[in-house]
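Everything below belongs to my_file34.cif, which stores mmCIF, C-alpha atoms.
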```
data_model
#
loop_
_atom_site.group_PDB
_atom_site.id
_atom_site.type_symbol
_atom_site.label_atom_id
_atom_site.label_comp_id
_atom_site.auth_asym_id
_atom_site.auth_seq_id
_atom_site.Cartn_x
_atom_site.Cartn_y
_atom_site.Cartn_z
ATOM 1 C CA ALA A 1 80.007 -56.597 67.393
ATOM 2 C CA ASP A 2 79.296 -56.786 63.662
ATOM 3 C CA ARG A 3 77.985 -60.367 63.963
ATOM 4 C CA PRO A 4 74.224 -60.913 64.178
ATOM 5 C CA CYS A 5 72.574 -62.277 67.292
ATOM 6 C CA ARG A 6 70.788 -65.430 66.056
ATOM 7 C CA GLY A 7 68.560 -68.211 67.279
ATOM 8 C CA VAL A 8 67.461 -66.890 70.676
ATOM 9 C CA VAL A 9 64.329 -67.901 72.609
ATOM 10 C CA VAL A 10 63.078 -65.823 75.548
ATOM 11 C CA LYS A 11 60.089 -67.252 77.427
ATOM 12 C CA ASN A 12 58.232 -67.245 80.738
ATOM 13 C CA CYS A 13 59.843 -64.068 82.105
ATOM 14 C CA VAL A 14 58.388 -61.572 84.588
ATOM 15 C CA LEU A 15 59.962 -58.148 84.037
ATOM 16 C CA SER A 16 59.920 -54.633 85.498
ATOM 17 C CA SER A 17 62.401 -51.886 84.642
ATOM 18 C CA HIS A 18 63.257 -48.208 85.003
ATOM 19 C CA CYS A 19 64.308 -48.526 81.327
ATOM 20 C CA ASN A 20 62.751 -50.827 78.684
ATOM 21 C CA ALA A 21 61.531 -54.294 79.608
ATOM 22 C CA LEU A 22 62.113 -56.259 76.374
ATOM 23 C CA LYS A 23 64.612 -54.573 74.066
ATOM 24 C CA MET A 24 66.761 -55.333 71.006
ATOM 25 C CA GLY A 25 69.396 -52.681 70.248
ATOM 26 C CA THR A 26 71.198 -50.339 70.407
ATOM 27 C CA GLU A 27 74.969 -51.040 70.009
ATOM 28 C CA SER A 28 74.088 -53.811 67.579
ATOM 29 C CA ASN A 29 75.940 -53.413 64.291
ATOM 30 C CA GLY A 30 75.239 -57.058 63.426
ATOM 31 C CA GLY A 31 71.512 -57.035 64.072
ATOM 32 C CA PHE A 32 69.134 -59.783 65.206
ATOM 33 C CA GLU A 33 67.780 -62.797 63.336
ATOM 34 C CA ASN A 34 65.494 -65.720 64.215
ATOM 35 C CA ILE A 35 64.392 -64.448 67.621
ATOM 36 C CA LEU A 36 61.363 -65.717 69.553
ATOM 37 C CA ILE A 37 59.991 -63.971 72.649
ATOM 38 C CA TYR A 38 56.796 -65.292 74.229
ATOM 39 C CA ASN A 39 54.719 -65.826 77.353
ATOM 40 C CA CYS A 40 56.132 -62.937 79.390
ATOM 41 C CA THR A 41 54.663 -60.469 81.871
ATOM 42 C CA VAL A 42 55.816 -56.833 82.029
ATOM 43 C CA TYR A 43 54.820 -54.415 84.787
ATOM 44 C CA ASP A 44 55.802 -50.999 86.194
ATOM 45 C CA THR A 45 58.223 -50.162 83.376
ATOM 46 C CA ARG A 46 59.123 -46.512 82.823
ATOM 47 C CA LEU A 47 59.904 -46.713 79.106
ATOM 48 C CA ALA A 48 58.686 -49.248 76.512
ATOM 49 C CA GLY A 49 57.383 -52.686 77.293
ATOM 50 C CA LEU A 50 58.786 -53.849 73.935
ATOM 51 C CA ALA A 51 61.460 -51.867 72.047
ATOM 52 C CA LEU A 52 62.836 -53.122 68.719
ATOM 53 C CA GLU A 53 65.619 -50.857 67.459
ATOM 54 C CA ILE A 54 68.084 -50.941 64.569
ATOM 55 C CA VAL A 55 70.012 -47.655 64.443
ATOM 56 C CA ASP A 56 73.684 -48.692 64.163
ATOM 57 C CA GLY A 57 73.542 -50.887 61.063
ATOM 58 C CA GLY A 58 72.711 -54.581 60.876
ATOM 59 C CA ILE A 59 69.546 -56.449 59.981
ATOM 60 C CA MET A 60 66.617 -57.308 62.198
ATOM 61 C CA GLY A 61 64.580 -60.093 60.630
ATOM 62 C CA SER A 62 62.483 -63.165 61.421
ATOM 63 C CA VAL A 63 61.475 -61.887 64.849
ATOM 64 C CA LEU A 64 58.308 -63.099 66.595
ATOM 65 C CA VAL A 65 57.026 -61.578 69.834
ATOM 66 C CA SER A 66 53.889 -63.241 71.189
ATOM 67 C CA ASP A 67 51.690 -63.611 74.262
ATOM 68 C CA ILE A 68 52.906 -60.674 76.338
ATOM 69 C CA VAL A 69 50.854 -59.071 79.126
ATOM 70 C CA MET A 70 51.836 -55.540 80.226
ATOM 71 C CA SER A 71 50.687 -53.062 82.849
ATOM 72 C CA GLY A 72 52.024 -49.646 83.766
ATOM 73 C CA VAL A 73 54.380 -48.995 80.820
ATOM 74 C CA GLY A 74 55.400 -45.736 79.132
ATOM 75 C CA ALA A 75 54.470 -47.247 75.768
ATOM 76 C CA PRO A 76 53.685 -50.870 75.033
ATOM 77 C CA ILE A 77 55.386 -51.069 71.596
ATOM 78 C CA PHE A 78 58.191 -49.064 70.005
ATOM 79 C CA VAL A 79 59.798 -50.006 66.663
ATOM 80 C CA ARG A 80 62.583 -47.900 65.169
ATOM 81 C CA LEU A 81 64.858 -48.117 62.141
ATOM 82 C CA GLY A 82 67.199 -45.126 62.395
ATOM 83 C CA ASN A 83 70.660 -43.951 61.440
ATOM 84 C CA ARG A 84 72.650 -43.124 64.553
ATOM 85 C CA ALA A 85 75.527 -45.020 62.842
ATOM 86 C CA ARG A 86 77.643 -45.496 65.926
ATOM 87 C CA PRO A 87 80.763 -47.688 65.389
ATOM 88 C CA PHE A 88 81.397 -50.372 68.003
ATOM 89 C CA LYS A 89 85.197 -50.029 67.985
ATOM 90 C CA LYS A 90 87.805 -47.312 67.573
ATOM 91 C CA ASP A 91 88.689 -46.080 64.056
ATOM 92 C CA MET A 92 85.907 -48.142 62.508
ATOM 93 C CA ASP A 93 83.959 -46.641 59.597
ATOM 94 C CA LYS A 94 80.439 -45.619 60.390
ATOM 95 C CA PRO A 95 78.014 -48.468 59.664
ATOM 96 C CA ARG A 96 75.510 -48.116 56.857
ATOM 97 C CA ILE A 97 71.803 -47.819 57.551
ATOM 98 C CA GLY A 98 70.473 -51.167 58.690
ATOM 99 C CA ARG A 99 67.366 -53.020 57.648
ATOM 100 C CA MET A 100 64.272 -54.252 59.470
ATOM 101 C CA LYS A 101 62.069 -56.875 57.835
ATOM 102 C CA GLY A 102 59.771 -59.712 58.790
ATOM 103 C CA VAL A 103 58.797 -58.760 62.357
ATOM 104 C CA THR A 104 55.572 -60.095 63.889
ATOM 105 C CA ILE A 105 54.088 -58.850 67.166
ATOM 106 C CA MET A 106 50.971 -60.706 68.276
ATOM 107 C CA ASN A 107 48.748 -61.503 71.247
ATOM 108 C CA ILE A 108 49.630 -58.442 73.320
ATOM 109 C CA GLU A 109 47.482 -57.163 76.217
ATOM 110 C CA ALA A 110 48.530 -53.869 77.819
ATOM 111 C CA THR A 111 46.827 -51.636 80.371
ATOM 112 C CA GLY A 112 47.947 -48.469 82.107
ATOM 113 C CA CYS A 113 49.994 -47.248 79.117
ATOM 114 C CA GLY A 114 51.188 -43.631 79.039
ATOM 115 C CA PRO A 115 49.696 -40.897 76.828
ATOM 116 C CA THR A 116 52.380 -40.730 74.113
ATOM 117 C CA GLY A 117 51.323 -43.686 71.941
ATOM 118 C CA CYS A 118 53.264 -46.308 69.968
ATOM 119 C CA ALA A 119 55.785 -45.061 67.393
ATOM 120 C CA ILE A 120 56.698 -47.359 64.493
ATOM 121 C CA SER A 121 59.100 -45.346 62.386
ATOM 122 C CA GLY A 122 61.650 -46.040 59.697
ATOM 123 C CA LEU A 123 63.382 -43.478 57.492
ATOM 124 C CA PRO A 124 62.357 -41.980 54.139
ATOM 125 C CA GLN A 125 65.295 -43.769 52.493
ATOM 126 C CA ALA A 126 65.033 -46.962 54.580
ATOM 127 C CA LYS A 127 61.547 -48.235 55.306
ATOM 128 C CA ILE A 128 60.606 -50.898 57.819
ATOM 129 C CA GLU A 129 59.493 -53.894 55.722
ATOM 130 C CA GLY A 130 56.910 -56.563 56.427
ATOM 131 C CA LEU A 131 55.651 -55.684 59.909
ATOM 132 C CA THR A 132 52.607 -57.497 61.336
ATOM 133 C CA LEU A 133 50.630 -56.480 64.428
ATOM 134 C CA SER A 134 47.971 -59.028 65.296
ATOM 135 C CA ASN A 135 45.526 -59.636 68.161
ATOM 136 C CA ILE A 136 46.529 -56.619 70.227
ATOM 137 C CA ARG A 137 44.620 -54.842 73.036
ATOM 138 C CA LEU A 138 46.090 -51.618 74.403
ATOM 139 C CA SER A 139 44.698 -49.108 76.888
ATOM 140 C CA PHE A 140 46.240 -45.611 76.947
ATOM 141 C CA ALA A 141 46.056 -42.733 79.420
ATOM 142 C CA GLY A 142 44.536 -40.296 76.889
ATOM 143 C CA GLY A 143 44.327 -36.543 77.358
ATOM 144 C CA GLY A 144 45.634 -35.492 73.924
ATOM 145 C CA THR A 145 44.252 -32.440 72.113
ATOM 146 C CA LYS A 146 43.001 -31.961 68.572
ATOM 147 C CA GLU A 147 45.878 -29.512 67.985
ATOM 148 C CA ALA A 148 48.356 -32.305 68.739
ATOM 149 C CA ALA A 149 46.750 -34.431 66.014
ATOM 150 C CA SER A 150 48.143 -32.089 63.339
ATOM 151 C CA ARG A 151 51.585 -31.689 64.894
ATOM 152 C CA ALA A 152 54.555 -32.200 62.546
ATOM 153 C CA VAL A 153 56.715 -35.040 63.841
ATOM 154 C CA PRO A 154 60.502 -34.568 63.418
ATOM 155 C CA GLU A 155 62.500 -37.327 61.722
ATOM 156 C CA GLN A 156 65.257 -37.459 64.374
ATOM 157 C CA GLU A 157 67.305 -39.643 62.002
ATOM 158 C CA THR A 158 70.514 -39.711 64.052
ATOM 159 C CA ALA A 159 69.018 -39.489 67.548
ATOM 160 C CA TYR A 160 69.219 -42.125 70.252
ATOM 161 C CA PRO A 161 66.070 -44.272 69.921
ATOM 162 C CA GLU A 162 63.458 -44.052 72.649
ATOM 163 C CA TYR A 163 59.677 -44.296 72.573
ATOM 164 C CA SER A 164 59.396 -40.610 73.568
ATOM 165 C CA MET A 165 61.964 -39.349 71.028
ATOM 166 C CA PHE A 166 59.348 -37.772 68.734
ATOM 167 C CA GLY A 167 57.410 -36.020 71.482
ATOM 168 C CA GLU A 168 53.633 -36.212 71.599
ATOM 169 C CA LEU A 169 52.460 -38.240 68.640
ATOM 170 C CA PRO A 170 49.476 -37.261 66.449
ATOM 171 C CA GLY A 171 48.022 -40.711 67.087
ATOM 172 C CA TYR A 172 47.415 -41.843 70.650
ATOM 173 C CA GLY A 173 47.378 -45.503 69.573
ATOM 174 C CA PHE A 174 49.834 -45.962 66.701
ATOM 175 C CA PHE A 175 51.917 -43.578 64.601
ATOM 176 C CA CYS A 176 53.371 -45.588 61.683
ATOM 177 C CA ARG A 177 55.774 -43.827 59.319
ATOM 178 C CA HIS A 178 58.068 -45.005 56.511
ATOM 179 C CA VAL A 179 56.822 -48.602 56.386
ATOM 180 C CA LYS A 180 56.374 -50.931 53.413
ATOM 181 C CA GLY A 181 54.152 -53.939 54.012
ATOM 182 C CA LEU A 182 52.178 -53.284 57.193
ATOM 183 C CA LYS A 183 49.414 -55.500 58.592
ATOM 184 C CA LEU A 184 47.170 -54.576 61.516
ATOM 185 C CA ASP A 185 44.821 -57.433 62.264
ATOM 186 C CA ASN A 186 42.353 -57.315 65.163
ATOM 187 C CA VAL A 187 43.978 -54.368 66.936
ATOM 188 C CA GLU A 188 41.967 -52.630 69.655
ATOM 189 C CA VAL A 189 42.896 -49.373 71.405
ATOM 190 C CA ARG A 190 41.164 -47.962 74.472
ATOM 191 C CA LEU A 191 41.388 -44.797 76.575
ATOM 192 C CA ALA A 192 41.355 -44.092 80.305
ATOM 193 C CA LYS A 193 40.184 -40.559 79.484
ATOM 194 C CA GLU A 194 39.159 -38.742 76.325
ATOM 195 C CA ASP A 195 41.812 -38.110 73.670
ATOM 196 C CA LYS A 196 41.086 -36.003 70.585
ATOM 197 C CA ARG A 197 44.053 -37.187 68.535
ATOM 198 C CA HIS A 198 43.736 -39.874 65.877
ATOM 199 C CA ALA A 199 43.706 -43.481 67.052
ATOM 200 C CA LEU A 200 45.906 -44.553 64.112
ATOM 201 C CA VAL A 201 48.134 -42.545 61.776
ATOM 202 C CA LEU A 202 49.888 -43.934 58.686
ATOM 203 C CA ASP A 203 52.392 -41.552 57.086
ATOM 204 C CA ASP A 204 54.421 -42.582 54.013
ATOM 205 C CA VAL A 205 53.232 -46.170 54.273
ATOM 206 C CA ALA A 206 52.858 -48.470 51.275
ATOM 207 C CA LEU A 207 51.022 -51.781 50.971
ATOM 208 C CA ALA A 208 49.098 -51.804 54.236
ATOM 209 C CA ARG A 209 46.165 -53.902 55.361
ATOM 210 C CA ILE A 210 43.947 -52.892 58.285
ATOM 211 C CA ASP A 211 41.441 -55.504 59.466
ATOM 212 C CA MET A 212 39.124 -55.148 62.480
ATOM 213 C CA PHE A 213 40.722 -52.006 63.892
ATOM 214 C CA ASP A 214 38.685 -50.913 66.902
ATOM 215 C CA ALA A 215 38.828 -47.567 68.716
ATOM 216 C CA PRO A 216 36.472 -45.531 70.918
ATOM 217 C CA ALA A 217 34.329 -42.710 69.591
ATOM 218 C CA VAL A 218 35.520 -39.279 70.743
ATOM 219 C CA PRO A 219 32.912 -36.616 69.863
ATOM 220 C CA GLY A 220 34.635 -33.528 68.469
ATOM 221 C CA GLY A 221 37.878 -35.447 68.066
ATOM 222 C CA SER A 222 40.035 -36.133 65.040
ATOM 223 C CA ALA A 223 39.332 -38.843 62.483
ATOM 224 C CA THR A 224 39.832 -42.340 63.861
ATOM 225 C CA ILE A 225 42.341 -43.203 61.117
ATOM 226 C CA ARG A 226 44.507 -40.732 59.187
ATOM 227 C CA LEU A 227 46.420 -41.688 56.054
ATOM 228 C CA SER A 228 49.068 -39.287 54.733
ATOM 229 C CA GLU A 229 50.981 -39.959 51.498
ATOM 230 C CA THR A 230 49.950 -43.622 51.577
ATOM 231 C CA GLU A 231 49.676 -46.068 48.699
ATOM 232 C CA GLY A 232 47.902 -49.398 48.518
ATOM 233 C CA VAL A 233 45.940 -49.460 51.784
ATOM 234 C CA PHE A 234 43.164 -52.020 52.266
ATOM 235 C CA ILE A 235 40.712 -51.358 55.122
ATOM 236 C CA HIS A 236 38.305 -54.165 55.961
ATOM 237 C CA ASP A 237 35.815 -55.266 58.632
ATOM 238 C CA CYS A 238 35.997 -52.134 60.772
ATOM 239 C CA THR A 239 32.996 -50.871 62.755
ATOM 240 C CA PRO A 240 33.452 -47.347 64.103
ATOM 241 C CA LYS A 241 31.541 -46.719 67.318
ATOM 242 C CA LYS A 242 28.372 -44.660 67.323
ATOM 243 C CA GLY A 243 29.307 -41.015 67.879
ATOM 244 C CA THR A 244 32.437 -41.113 65.693
ATOM 245 C CA ASP A 245 32.695 -37.882 63.692
ATOM 246 C CA VAL A 246 35.018 -38.990 60.858
ATOM 247 C CA PHE A 247 36.278 -42.536 60.408
ATOM 248 C CA LEU A 248 38.972 -42.052 57.737
ATOM 249 C CA GLN A 249 40.922 -38.920 56.804
ATOM 250 C CA VAL A 250 43.152 -39.033 53.712
ATOM 251 C CA GLU A 251 45.818 -36.442 52.939
ATOM 252 C CA GLY A 252 48.650 -35.990 50.461
ATOM 253 C CA ALA A 253 48.965 -35.897 46.692
ATOM 254 C CA LYS A 254 50.751 -39.272 46.670
ATOM 255 C CA SER A 255 47.889 -41.068 48.405
ATOM 256 C CA ALA A 256 46.379 -43.655 46.061
ATOM 257 C CA GLY A 257 44.926 -47.140 45.961
ATOM 258 C CA ILE A 258 43.008 -46.853 49.229
ATOM 259 C CA VAL A 259 40.214 -49.409 49.358
ATOM 260 C CA LEU A 260 37.393 -49.662 51.920
ATOM 261 C CA VAL A 261 35.702 -53.059 51.722
ATOM 262 C CA GLY A 262 33.112 -54.667 53.951
ATOM 263 C CA ASN A 263 33.074 -52.116 56.780
ATOM 264 C CA ASP A 264 30.051 -51.164 58.873
ATOM 265 C CA LEU A 265 30.319 -47.370 58.839
ATOM 266 C CA ARG A 266 26.915 -46.532 60.321
ATOM 267 C CA GLY A 267 28.470 -45.288 63.562
ATOM 268 C CA ALA A 268 30.403 -42.489 61.839
ATOM 269 C CA SER A 269 28.850 -39.181 60.851
ATOM 270 C CA ARG A 270 31.231 -39.115 57.904
ATOM 271 C CA ALA A 271 33.012 -42.163 56.542
ATOM 272 C CA VAL A 272 35.796 -40.495 54.543
ATOM 273 C CA GLN A 273 37.251 -37.010 54.482
ATOM 274 C CA THR A 274 39.883 -36.080 51.881
ATOM 275 C CA GLY A 275 42.303 -33.199 51.603
ATOM 276 C CA GLU A 276 42.273 -30.715 48.740
ATOM 277 C CA ASN A 277 45.266 -32.290 46.980
ATOM 278 C CA VAL A 278 43.972 -35.869 47.147
ATOM 279 C CA ALA A 279 42.930 -37.281 43.773
ATOM 280 C CA ASN A 280 39.264 -38.148 43.297
ATOM 281 C CA THR A 281 40.297 -41.703 42.454
ATOM 282 C CA ALA A 282 42.479 -42.200 45.541
ATOM 283 C CA VAL A 283 39.759 -43.878 47.626
ATOM 284 C CA SER A 284 37.392 -46.590 46.465
ATOM 285 C CA ASP A 285 34.363 -47.867 48.335
ATOM 286 C CA THR A 286 32.975 -51.409 47.960
ATOM 287 C CA ALA A 287 30.327 -53.337 49.909
ATOM 288 C CA ASN A 288 30.323 -51.082 52.970
ATOM 289 C CA ILE A 289 27.259 -50.477 55.145
ATOM 290 C CA TYR A 290 26.098 -46.892 55.711
#
```
Is it possible to give me this structure as structure tokens?
Amino acid sequence: ADRPCRGVVVKNCVLSSHCNALKMGTESNGGFENILIYNCTVYDTRLAGLALEIVDGGIMGSVLVSDIVMSGVGAPIFVRLGNRARPFKKDMDKPRIGRMKGVTIMNIEATGCGPTGCAISGLPQAKIEGLTLSNIRLSFAGGGTKEAASRAVPEQETAYPEYSMFGELPGYGFFCRHVKGLKLDNVEVRLAKEDKRHALVLDDVALARIDMFDAPAVPGGSATIRLSETEGVFIHDCTPKKGTDVFLQVEGAKSAGIVLVGNDLRGASRAVQTGENVANTAVSDTANIY
């Protein structure tokens, strides 16, 4: 329907699925507002443990997902704002692109996650707004190559949303694209076996804050964090593990306003690596330890 789903509380559930365990969308032209999901256990789920999807119009806003424990999931978190634009009744005009704003995902523990990683992806013309990821611990299968870290990820604007829709992601932990207002606070990613992709990739992201991001050192691997065409990124209180080659890689002529403050970078052989088209003033460095 074209009416929003409002005022729903989901709590104390134990879930396992051949599809997604906790999911909003698709077929939701009206969207979702004022939704609370907490204190749930997810296990042996083939697709995503948590899938938040707006692809047929509507608004997703004021959503809080908290205190979820997962094991054996394809991906723990998948967030997608797309443009499938599927009408819900005959002869109806195609819905306009929806909107996603004000989503918080916190206190998540997940083990036995697949190798793909977590995709958080809006569209170039419709960014996900105001997304917070806080107090999150995720353990992935690993096995990715350094070649996969530079793979171009298709937009898939009109495709059916699924955590695996983009193929192997360049970041084994999180691949965040087309987002405005992103917070990652106390997020930890781990690996069952070595993975030479990035732990975190931000592509076309504006106004981001990364606090206490923690990832393993992978000798000979890609930079822990890669920023591409990003503006206004604040990175604070991170401590790369000893043996990290490069902590932060910055690419793209649009990248600007990237600030490293109060990080202990002694574990990294190189703190920052920039591409040829990145301005000299794009990255600033204050009160870090080397």
Excluding Asp93 of chain A and residues on its chain fewer than 5 positions from it, collect all residues at most 12 Å away from it, counting only C-alpha atoms, and give them as a CSV table (one decimal) with C-alpha atoms, keeping the file's coordinate frame.
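Result went into part_15.csv, see below:
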```csv
chain,number,residue,atom,x,y,z
A,2,ASP,CA,79.3,-56.8,63.7
A,29,ASN,CA,75.9,-53.4,64.3
A,56,ASP,CA,73.7,-48.7,64.2
A,57,GLY,CA,73.5,-50.9,61.1
A,85,ALA,CA,75.5,-45.0,62.8
A,86,ARG,CA,77.6,-45.5,65.9
A,87,PRO,CA,80.8,-47.7,65.4
A,88,PHE,CA,81.4,-50.4,68.0
```
Item to complete: Within 10 Å of Ile105 of chain A, counting all atoms listed in the file, which residues show up once you throw out same-chain ones fewer than 2 positions away? Write them as a list in words, please.
Response: Ile37, Tyr38, Leu50, Val63, Leu64, Val65, Ser66, Asp67, Ile68, Ile77, Val103, Asn107, Ile108, Leu131, Thr132, Leu133, Ser134, Asn135, Ile136 and Leu184 of chain A
Item to complete: Translate the PyMOL selection byres ((chain A and resi 139-146) around 8), as applied to the file shown, into an explicit residue set as number ranges by chain.
Response: A: 110-115, 117, 137-138, 147-150, 172-173, 189-197, 221-222
Take the residues from that selection and put them in a file with C-alpha atoms, as a JSON list (two decimals), in the frame of the given file.
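What follows is the written file part.json:
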```json
[["chain", "number", "residue", "atom", "x", "y", "z"],
["A", 110, "ALA", "CA", 48.53, -53.87, 77.82],
["A", 111, "THR", "CA", 46.83, -51.64, 80.37],
["A", 112, "GLY", "CA", 47.95, -48.47, 82.11],
["A", 113, "CYS", "CA", 49.99, -47.25, 79.12],
["A", 114, "GLY", "CA", 51.19, -43.63, 79.04],
["A", 115, "PRO", "CA", 49.70, -40.90, 76.83],
["A", 117, "GLY", "CA", 51.32, -43.69, 71.94],
["A", 137, "ARG", "CA", 44.62, -54.84, 73.04],
["A", 138, "LEU", "CA", 46.09, -51.62, 74.40],
["A", 147, "GLU", "CA", 45.88, -29.51, 67.98],
["A", 148, "ALA", "CA", 48.36, -32.30, 68.74],
["A", 149, "ALA", "CA", 46.75, -34.43, 66.01],
["A", 150, "SER", "CA", 48.14, -32.09, 63.34],
["A", 172, "TYR", "CA", 47.42, -41.84, 70.65],
["A", 173, "GLY", "CA", 47.38, -45.50, 69.57],
["A", 189, "VAL", "CA", 42.90, -49.37, 71.40],
["A", 190, "ARG", "CA", 41.16, -47.96, 74.47],
["A", 191, "LEU", "CA", 41.39, -44.80, 76.58],
["A", 192, "ALA", "CA", 41.36, -44.09, 80.31],
["A", 193, "LYS", "CA", 40.18, -40.56, 79.48],
["A", 194, "GLU", "CA", 39.16, -38.74, 76.32],
["A", 195, "ASP", "CA", 41.81, -38.11, 73.67],
["A", 196, "LYS", "CA", 41.09, -36.00, 70.58],
["A", 197, "ARG", "CA", 44.05, -37.19, 68.54],
["A", 221, "GLY", "CA", 37.88, -35.45, 68.07],
["A", 222, "SER", "CA", 40.03, -36.13, 65.04]]
```
Worksheet item: In Å to one decimal, how far is atom CA of Asp44 of chain A from atom CA of Leu81 of chain A?
Response: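 These two atoms are separated by 25.9 Å.
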Item to complete: Let me know the residues the PyMOL selection byres ((chain A and resi 82) around 12) catches in the file above, as a PyMOL selection string.
Response: chain A and resi 25-26+52-59+79-81+83-86+95-100+120-128+155-162+165+177-178
